[in-house]
Structures are given as C-alpha cells and as structure tokens.
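Structure file start_37.txt (compact mmCIF, C-alpha atoms) is printed below.
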```txt
# COMPACT_ATOMS: atom_id res chain seq x y z
CA MET E 1 4.05 -59.99 132.37
CA LEU E 2 6.99 -62.22 131.52
CA ALA E 3 9.06 -60.31 134.04
CA ARG E 4 6.64 -61.39 136.79
CA ARG E 5 6.88 -65.08 135.92
CA ARG E 6 9.33 -67.11 137.87
CA PHE E 7 10.24 -70.64 136.88
CA ILE E 8 11.00 -73.15 139.63
CA SER E 9 10.60 -76.84 140.02
CA CYS E 10 8.31 -77.34 142.85
CA ALA E 11 5.83 -76.60 144.99
CA ILE E 12 3.31 -76.55 144.61
CA CYS E 13 5.31 -78.19 145.67
CA SER E 14 8.20 -75.51 145.46
CA LEU E 15 6.91 -74.50 148.72
CA ALA E 16 9.71 -76.05 150.59
CA GLY E 17 12.43 -74.80 148.33
CA PHE E 18 12.05 -77.48 145.78
CA ALA E 19 13.64 -75.75 142.86
CA ALA E 20 15.83 -77.76 140.56
CA THR E 21 18.87 -75.87 141.77
CA GLN E 22 17.54 -75.38 145.29
CA VAL E 23 16.68 -78.89 146.43
CA GLY E 24 19.12 -78.75 149.36
CA GLY E 25 16.78 -77.00 151.82
CA THR E 26 13.93 -79.35 151.10
CA GLN E 27 16.10 -82.42 151.24
CA ALA E 28 17.46 -81.33 154.61
CA MET E 29 13.94 -80.82 155.97
CA ALA E 30 12.76 -84.20 154.70
CA GLN E 31 15.75 -85.84 156.35
CA GLY E 32 14.93 -84.34 159.71
CA GLN E 33 16.99 -81.17 159.71
CA SER E 34 15.06 -78.21 161.00
CA ALA E 35 14.93 -75.31 158.53
CA PRO E 36 14.38 -75.30 154.77
CA ALA E 37 16.36 -72.92 152.57
CA ALA E 38 14.99 -69.45 151.91
CA ALA E 39 12.05 -69.42 149.52
CA PRO E 40 12.67 -68.37 145.91
CA ALA E 41 11.28 -64.97 144.86
CA GLY E 42 7.50 -65.05 144.49
CA ILE E 43 7.00 -67.80 147.05
CA SER E 44 6.46 -67.77 150.78
CA ARG E 45 6.07 -70.91 152.80
CA LYS E 46 5.75 -72.03 156.38
CA VAL E 47 6.22 -75.53 157.73
CA LEU E 48 3.34 -76.02 160.15
CA GLY E 49 4.32 -79.46 161.37
CA ARG E 50 6.46 -82.51 160.79
CA THR E 51 5.70 -85.99 162.13
CA ASP E 52 7.65 -89.20 161.69
CA MET E 53 5.39 -91.98 160.49
CA PRO E 54 5.48 -95.44 162.10
CA GLY E 55 8.64 -97.23 161.05
CA ASP E 56 11.76 -95.51 159.78
CA LYS E 57 10.85 -94.80 156.17
CA TYR E 58 8.29 -91.93 155.95
CA VAL E 59 7.63 -88.45 157.34
CA ALA E 60 4.48 -86.30 157.14
CA ILE E 61 5.11 -82.60 156.46
CA LEU E 62 2.29 -80.05 156.77
CA MET E 63 2.99 -76.77 154.98
CA GLU E 64 1.31 -73.50 154.07
CA ALA E 65 2.49 -71.84 150.83
CA GLU E 66 1.72 -68.68 148.91
CA PHE E 67 2.62 -68.01 145.28
CA ASP E 68 2.61 -64.67 143.51
CA GLY E 69 0.22 -64.35 140.58
CA GLY E 70 1.67 -65.54 137.26
CA LEU E 71 4.25 -67.85 138.87
CA LYS E 72 5.10 -71.06 137.00
CA VAL E 73 5.90 -74.10 139.15
CA ALA E 74 7.91 -76.32 136.80
CA ARG E 75 7.28 -80.03 136.33
CA HIS E 76 8.54 -82.14 139.25
CA THR E 77 7.88 -85.27 141.32
CA HIS E 78 7.78 -86.20 145.03
CA PRO E 79 8.94 -89.44 146.73
CA GLY E 80 5.50 -89.91 148.25
CA VAL E 81 1.96 -88.54 148.23
CA GLU E 82 1.12 -84.83 148.01
CA SER E 83 -2.33 -83.76 149.25
CA THR E 84 -3.19 -80.10 148.62
CA TYR E 85 -6.13 -77.80 149.44
CA LEU E 86 -6.44 -74.46 147.63
CA MET E 87 -7.34 -71.74 150.15
CA ALA E 88 -7.17 -68.66 147.87
CA GLY E 89 -6.32 -67.75 144.28
CA GLY E 90 -6.17 -70.36 141.56
CA GLY E 91 -4.36 -71.73 138.56
CA VAL E 92 -3.94 -74.67 136.23
CA LEU E 93 -2.62 -78.01 137.52
CA SER E 94 -0.96 -80.30 134.96
CA VAL E 95 -0.51 -83.95 136.01
CA LYS E 96 1.03 -86.58 133.71
CA GLY E 97 -1.66 -88.81 132.21
CA GLN E 98 -4.55 -86.50 133.17
CA PRO E 99 -6.21 -83.53 131.48
CA ASP E 100 -5.17 -80.14 132.85
CA ARG E 101 -7.38 -78.99 135.71
CA THR E 102 -8.29 -75.39 136.59
CA LEU E 103 -8.32 -74.95 140.37
CA ALA E 104 -10.25 -72.42 142.46
CA PRO E 105 -10.54 -71.81 146.23
CA GLY E 106 -12.02 -74.87 147.95
CA ASP E 107 -10.58 -77.34 145.43
CA GLY E 108 -8.24 -80.09 146.52
CA PHE E 109 -6.08 -82.66 144.79
CA GLN E 110 -3.68 -85.52 145.45
CA ILE E 111 -0.61 -86.49 143.47
CA PRO E 112 0.62 -90.12 143.71
CA PRO E 113 4.31 -90.80 144.37
CA GLU E 114 6.73 -90.07 141.52
CA VAL E 115 4.04 -88.68 139.15
CA PRO E 116 5.27 -85.58 137.27
CA HIS E 117 3.15 -82.45 137.74
CA ALA E 118 3.34 -78.66 137.33
CA PHE E 119 1.24 -75.64 138.31
CA GLN E 120 0.65 -72.33 136.53
CA VAL E 121 -0.62 -69.77 139.06
CA GLY E 122 -3.39 -67.49 137.79
CA GLY E 123 -3.29 -63.70 138.05
CA ASP E 124 -3.96 -63.55 141.80
CA LYS E 125 -1.80 -64.56 144.74
CA THR E 126 -2.52 -68.23 145.54
CA LYS E 127 -2.47 -69.82 149.00
CA LEU E 128 -2.23 -73.59 149.55
CA ALA E 129 -2.28 -76.01 152.47
CA ILE E 130 -0.17 -79.04 151.61
CA THR E 131 0.52 -82.36 153.31
CA TYR E 132 3.36 -84.51 152.05
CA ILE E 133 3.82 -88.15 153.14
CA VAL E 134 7.30 -88.79 151.76
CA GLU E 135 10.35 -90.98 152.17
CA LYS E 136 12.73 -89.48 154.74
CA ASP E 137 15.95 -90.17 152.86
CA LYS E 138 14.96 -88.54 149.55
CA PRO E 139 14.66 -84.93 148.40
CA LEU E 140 11.12 -83.58 148.81
CA ALA E 141 10.96 -82.70 145.12
CA THR E 142 12.93 -83.65 142.02
CA PRO E 143 12.72 -81.91 138.62
CA ALA E 144 10.94 -83.93 135.93
CA PRO E 145 11.46 -83.60 132.17
CA GLU E 146 8.79 -81.64 130.31
```
Using structure tokens, write down the structure that the file contains.
Amino acid sequence: MLARRRFISCAICSLAGFAATQVGGTQAMAQGQSAPAAAPAGISRKVLGRTDMPGDKYVAILMEAEFDGGLKVARHTHPGVESTYLMAGGGVLSVKGQPDRTLAPGDGFQIPPEVPHAFQVGGDKTKLAITYIVEKDKPLATPAPE
C-alpha cells in the first residue's frame, strides 16, 4: 500500500501541478501562461476555464482533478480562496484550526486564503471540481510546514 501512496504538496489542490518541487507549472498558469506542467503520477487534471477578475490582481481558475486512491496531498496554502466540490470518491480533509473532515461525493468545502490544508484520498479514485480565486502574481500553491 505504501508503494501506491504519492506525496505532493497540492491539490487538492495539486491538481495544477502544485507540488513543492513542481510549482513552476502552476505559477505559470496563475500568471497567465497557458499550460500547466505535466501532472505528477497519480493525478490527472484539466483546466476548464480561466477568467481575469475585475482589476489587475486576481484570476479565477476552474479545474477538474482526479486522484488515485491512497494518494496523500501534502499540506499547502493558496494565495486566495479554494472552493471544491467532490464528484466521486472520498478522503479526509485536514485544515489548520479545524477538526479533520471525512468527505464523500456531494460534499463541498472552501479554504480561506493562506490557510494550510492537506488531503488524504481514500481507497477509491477521487474526482473534484475546483474553483480558485487567487492572486495572479503568486504561485497557485505553496508548501506549508506540517
């Protein structure tokens, strides 16, 4: 089972390539460049849309992501709000200052800006729809200490 676990820093966030050593693709996307880096093993993702918000500071990114069962999304933060809807699968969401929450299909959650969080995917493949409203000039995700 340990062989199936993959440790990365984002996405639920990791969905846009937000691994601690793989922030480049996500940062490029958040800054307006077109394609994120290839997804780490165990993750597939698709950017469904990107819209500049009024003013010059924020962008909205709509993304679909799938995680293999058993995947560990390491603790990380975002420079804006993450809103996520769980379409299939499940797992345990850990958010700083809150009790851990077990998620199932149909559940949703929001993470405030700069709040550390992590996700342990359950045994089944998990599919998420995610909207980020983030600052354009910052990486989409940044590793956070455990």
Residues within 8 Å of range 115-127 of chain E, please, as a PDB file with C-alpha atoms, in the frame of the given file. Count all atoms listed in the file; anything in the same chain fewer than 6 positions from it doesn't count.
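Output contents, as saved in around20.pdb:
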```pdb
ATOM      1  CA  SER E   9      10.600 -76.840 140.020  1.00  0.00           C
ATOM      2  CA  CYS E  10       8.310 -77.340 142.850  1.00  0.00           C
ATOM      3  CA  ILE E  12       3.310 -76.550 144.610  1.00  0.00           C
ATOM      4  CA  GLU E  64       1.310 -73.500 154.070  1.00  0.00           C
ATOM      5  CA  ALA E  65       2.490 -71.840 150.830  1.00  0.00           C
ATOM      6  CA  GLU E  66       1.720 -68.680 148.910  1.00  0.00           C
ATOM      7  CA  PHE E  67       2.620 -68.010 145.280  1.00  0.00           C
ATOM      8  CA  ASP E  68       2.610 -64.670 143.510  1.00  0.00           C
ATOM      9  CA  GLY E  69       0.220 -64.350 140.580  1.00  0.00           C
ATOM     10  CA  GLY E  70       1.670 -65.540 137.260  1.00  0.00           C
ATOM     11  CA  LEU E  71       4.250 -67.850 138.870  1.00  0.00           C
ATOM     12  CA  LYS E  72       5.100 -71.060 137.000  1.00  0.00           C
ATOM     13  CA  VAL E  73       5.900 -74.100 139.150  1.00  0.00           C
ATOM     14  CA  ALA E  74       7.910 -76.320 136.800  1.00  0.00           C
ATOM     15  CA  ARG E  75       7.280 -80.030 136.330  1.00  0.00           C
ATOM     16  CA  HIS E  76       8.540 -82.140 139.250  1.00  0.00           C
ATOM     17  CA  THR E  77       7.880 -85.270 141.320  1.00  0.00           C
ATOM     18  CA  HIS E  78       7.780 -86.200 145.030  1.00  0.00           C
ATOM     19  CA  LEU E  86      -6.440 -74.460 147.630  1.00  0.00           C
ATOM     20  CA  MET E  87      -7.340 -71.740 150.150  1.00  0.00           C
ATOM     21  CA  ALA E  88      -7.170 -68.660 147.870  1.00  0.00           C
ATOM     22  CA  GLY E  89      -6.320 -67.750 144.280  1.00  0.00           C
ATOM     23  CA  GLY E  90      -6.170 -70.360 141.560  1.00  0.00           C
ATOM     24  CA  GLY E  91      -4.360 -71.730 138.560  1.00  0.00           C
ATOM     25  CA  VAL E  92      -3.940 -74.670 136.230  1.00  0.00           C
ATOM     26  CA  LEU E  93      -2.620 -78.010 137.520  1.00  0.00           C
ATOM     27  CA  SER E  94      -0.960 -80.300 134.960  1.00  0.00           C
ATOM     28  CA  VAL E  95      -0.510 -83.950 136.010  1.00  0.00           C
ATOM     29  CA  LYS E  96       1.030 -86.580 133.710  1.00  0.00           C
ATOM     30  CA  ALA E 144      10.940 -83.930 135.930  1.00  0.00           C
TER      31      ALA E 144
END
```
Residues around (1.4, -88.8, 155.7), cut-off 10 Å, counting all atoms listed in the file - what are they as a list of chain:residue names?
E:Arg50, E:Thr51, E:Asp52, E:Met53, E:Tyr58, E:Val59, E:Ala60, E:Ile61, E:Leu62, E:Gly80, E:Val81, E:Glu82, E:Ser83, E:Thr131, E:Tyr132, E:Ile133, E:Val134, E:Glu135
Between CA of Pro139 in chain E and CA of Leu103 in chain E, what is the distance in Å, rounded to a tenth?
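CA of Pro139 in chain E sits 26.3 Å away from CA of Leu103 in chain E.
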Calculate how many Å separate CA of Ala141 in chain E from CA of Met63 in chain E, rounding to one decimal.
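Going from CA of Ala141 in chain E over to CA of Met63 in chain E covers 14.0 Å.
Straight-line separation from CA of Leu140 in chain E to CA of Pro113 in chain E: 10.9 Å.
The nearest approach to Leu48 in chain E among the residues E:Ile130, E:Asp100, E:Pro79, E:Pro105, with all atoms listed in the file taken into account, belongs to E:Ile130.
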Of the candidates E:Lys57, E:Ala41, E:Gly49, E:Arg101, which one gets nearest to Lys138 in chain E if we count all atoms listed in the file?
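Of E:Lys57, E:Ala41, E:Gly49, E:Arg101, the one nearest Lys138 in chain E, counting all atoms listed in the file, is E:Lys57.
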